[in-house]
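Trainee: Pasting a structure below so you can have a look.
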Amino acid sequence: MLPGWAHGVDLEIALIALTVLGTHFVMSASQTMLHRFVGHRRIGGRMFRNHIDFHHTCYAKGHLTSAVYRGEEGNNTPFFLIPTLLVGAGLFFLLPLALFLAMAGAAAASFGAHVYFDKVYHVNGSVLERFAWFRRKQQLHFVHHLHANTNFAVIDFFWDRVLGTYRAPDEDAR
């Protein structure tokens with residue numbers, strides 16, 4: 001039997017783990033939906049034009065990768081940080097400190113992973129290319145560049161299945 005305090009610790013660890021996982025899934029879903037509805041719709045205004053004119057122009061069929069990342073000029077990713085910070089600021093006042101710190105750390109890690117993966121998918125010779133899981137995600141991302149109304153996710157492509165925008169890699173994605 002565990003002492004009474006240990007049950008409380010177990011519950012807190014479980015709650016923190018759920019907060020971290022839930023935060024990542026919310027961040028991932030938000031990234032996917034913002035990409036779809038702001039980055040690929042005229043209603044997105046400047047963000048739409050940046051995304052299409054720079055990222056999708058730099059990385060189109062025939063040149064999906066380059067020696068170095070060539071998309072900084074039209075990078076919209078920092079704008080996605082604005083709603084994240086606003087939600088985080090509100091949650092600071094609602095969550096206990098331990099859960100807020102878990103949420104903030106998970107949000108930062110998830111956001112950083114999105115930025116990192118979106119770049120390394122397009123760089124020749126990434127150290128991650130030795131992993132099959134990375135090559136699969138890279139293929140799914142390249143499908144998006146070949147068929148812009150599909151595969152809006154960057155990390156968790158199951159969101160595209162949920163949204164009905166998933167497309168498996170086919171011969172033209174290679």
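We name chains A, B, ... following the order of the structure tokens; residues begin at 1 in each chain, and ligands are numbered from 1 as shown.
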Per residue of region 5-82 of chain A within 9 Å of region 147-159 of chain A, note the shortest atom pair and the distance in Å to one decimal, counting only C-alpha atoms, and order the rows by chain and increasing residue number, as a Markdown table.
Mentor:
| residue | atom | partner | partner_atom | distance |
| --- | --- | --- | --- | --- |
| A:Phe25 | CA | A:Asp156 | CA | 8.4 |
| A:Ser28 | CA | A:Asp156 | CA | 6.6 |
| A:Ala29 | CA | A:Trp159 | CA | 6.5 |
| A:Gln31 | CA | A:Ala153 | CA | 7.1 |
| A:Thr32 | CA | A:Ala153 | CA | 4.6 |
| A:Met33 | CA | A:Phe152 | CA | 7.6 |
| A:Leu34 | CA | A:Phe152 | CA | 9.0 |
| A:His35 | CA | A:Phe152 | CA | 6.1 |
| A:Arg36 | CA | A:Phe152 | CA | 5.9 |
| A:His40 | CA | A:Asn149 | CA | 7.8 |
| A:His56 | CA | A:Ala148 | CA | 8.6 |
Trainee: Can you write just those residues out, C-alpha atoms, as an mmCIF file, in the first residue's frame?
Mentor:
data_model
loop_
_atom_site.group_PDB
_atom_site.id
_atom_site.type_symbol
_atom_site.label_atom_id
_atom_site.label_comp_id
_atom_site.auth_asym_id
_atom_site.auth_seq_id
_atom_site.Cartn_x
_atom_site.Cartn_y
_atom_site.Cartn_z
ATOM 1 C CA PHE A 25 -3.330 18.179 -29.267
ATOM 2 C CA SER A 28 -1.681 20.744 -33.212
ATOM 3 C CA ALA A 29 -5.371 21.101 -34.088
ATOM 4 C CA GLN A 31 -2.043 24.897 -36.242
ATOM 5 C CA THR A 32 -3.808 22.626 -38.715
ATOM 6 C CA MET A 33 -7.002 24.722 -38.776
ATOM 7 C CA LEU A 34 -5.164 28.058 -38.983
ATOM 8 C CA HIS A 35 -3.075 26.677 -41.839
ATOM 9 C CA ARG A 36 -6.202 25.507 -43.644
ATOM 10 C CA HIS A 40 -5.107 28.827 -47.738
ATOM 11 C CA HIS A 56 4.368 27.429 -51.673
#
Trainee: With only C-alpha atoms as the counted atoms, please give the residues lying no more than 7 Å from region 60-63 of chain A, apart from itself and same-chain residues fewer than 2 positions off, as number ranges by chain.
Mentor: A: 56-58, 65, 145-146
Trainee: Would you put the residues from that selection into a file with C-alpha atoms, as a tab-separated table (two decimals), in the first residue's frame?
Mentor:
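Okay, this is what ended up in result-v9.tsv:
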chain	number	residue	atom	x	y	z
A	56	HIS	CA	4.37	27.43	-51.67
A	57	THR	CA	6.35	29.21	-54.38
A	58	CYS	CA	9.73	28.30	-52.87
A	65	THR	CA	13.70	20.62	-50.86
A	145	HIS	CA	2.72	21.16	-51.57
A	146	LEU	CA	1.56	19.20	-54.62
Trainee: May I ask which of the residues A:Thr77, A:Leu21, A:Tyr59, A:Leu86 is the closest one to Val38 (chain A), counting only C-alpha atoms?
Mentor: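 Between A:Thr77, A:Leu21, A:Tyr59, A:Leu86, the residue approaching Val38 (chain A) most closely is A:Thr77.
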Trainee: Please identify which residues in region 122-162 of chain A DSSP calls helix (DSSP H, G or I) from the backbone, and express them as a PyMOL selection string.
Mentor: chain A and resi 127-130+132-146+158-162
Trainee: I need the chosen residues saved as a CSV table (one decimal), in the first residue's frame, with C-alpha atoms.
Mentor:
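Listed below is the output, part.csv:
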chain,number,residue,atom,x,y,z
A,127,VAL,CA,19.6,14.2,-39.8
A,128,LEU,CA,16.0,13.1,-39.3
A,129,GLU,CA,15.8,11.5,-42.7
A,130,ARG,CA,17.4,8.3,-41.3
A,132,ALA,CA,11.1,6.1,-41.3
A,133,TRP,CA,8.6,8.1,-39.2
A,134,PHE,CA,10.2,11.3,-40.4
A,135,ARG,CA,10.3,10.3,-44.0
A,136,ARG,CA,6.6,9.4,-43.8
A,137,LYS,CA,5.6,12.7,-42.3
A,138,GLN,CA,7.8,14.5,-44.9
A,139,GLN,CA,6.0,12.7,-47.7
A,140,LEU,CA,2.6,13.7,-46.3
A,141,HIS,CA,3.8,17.3,-46.1
A,142,PHE,CA,5.1,17.2,-49.7
A,143,VAL,CA,1.6,15.9,-50.8
A,144,HIS,CA,0.3,19.2,-49.3
A,145,HIS,CA,2.7,21.2,-51.6
A,146,LEU,CA,1.6,19.2,-54.6
A,158,PHE,CA,-4.7,12.5,-38.1
A,159,TRP,CA,-6.3,16.0,-37.9
A,160,ASP,CA,-6.5,15.9,-41.7
A,161,ARG,CA,-8.4,12.6,-41.4
A,162,VAL,CA,-10.8,14.3,-39.0
Trainee: So, with only C-alpha atoms as the atoms that count, which of A:Phe48, A:Thr23, A:Phe54, A:Asp10 lies closest to Ala102 (chain A)?
Mentor: A:Thr23
Trainee: Between A:Asp118, A:Thr165, A:Val123, A:Ala98, which one has atoms that come closest to Ala17 (chain A), using only C-alpha atoms?
Mentor: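 Looking at the shortest contact to Ala17 (chain A), the residue is A:Ala98.
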Trainee: Mind checking which residues fall within 8 Å of Leu15 (chain A), counting only C-alpha atoms, ignoring those fewer than 4 positions away in the same chain, and posting them as number ranges by chain?
Mentor: A: 11, 19, 99
Trainee: Next, the residues of the selection above should be written as a PDB file, in the first residue's frame with N, CA and C atoms.
Mentor:
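Result file part_39.pdb:
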ATOM      1  N   LEU A  11      -1.973  11.389  -8.571  1.00  0.00           N
ATOM      2  CA  LEU A  11      -3.053  12.130  -9.230  1.00  0.00           C
ATOM      3  C   LEU A  11      -2.521  13.407  -9.876  1.00  0.00           C
ATOM      4  N   THR A  19      -2.537  17.269 -19.013  1.00  0.00           N
ATOM      5  CA  THR A  19      -2.436  18.670 -19.433  1.00  0.00           C
ATOM      6  C   THR A  19      -1.431  18.815 -20.572  1.00  0.00           C
ATOM      7  N   LEU A  99      -0.167  23.292 -13.194  1.00  0.00           N
ATOM      8  CA  LEU A  99      -0.826  22.987 -14.469  1.00  0.00           C
ATOM      9  C   LEU A  99      -0.553  24.073 -15.504  1.00  0.00           C
TER      10      LEU A  99
END
Trainee: Given the choices A:Met47, A:Ala109, A:Met27, A:Leu64, which gets closest to Asn124 (chain A) if the distance is worked out from only C-alpha atoms?
Mentor: A:Leu64
Trainee: Find the residue from A:Phe37, A:Ile16, A:Arg167, A:His24 that sits nearest to Gly112 (chain A); use only C-alpha atoms when measuring.
Mentor: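 Between A:Phe37, A:Ile16, A:Arg167, A:His24, the residue approaching Gly112 (chain A) most closely is A:His24.
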Trainee: Please report the interatomic distance between CA of Ala104 (chain A) and CA of Gly88 (chain A) in Å with one decimal.
Mentor: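 So the answer is 7.0 Å.
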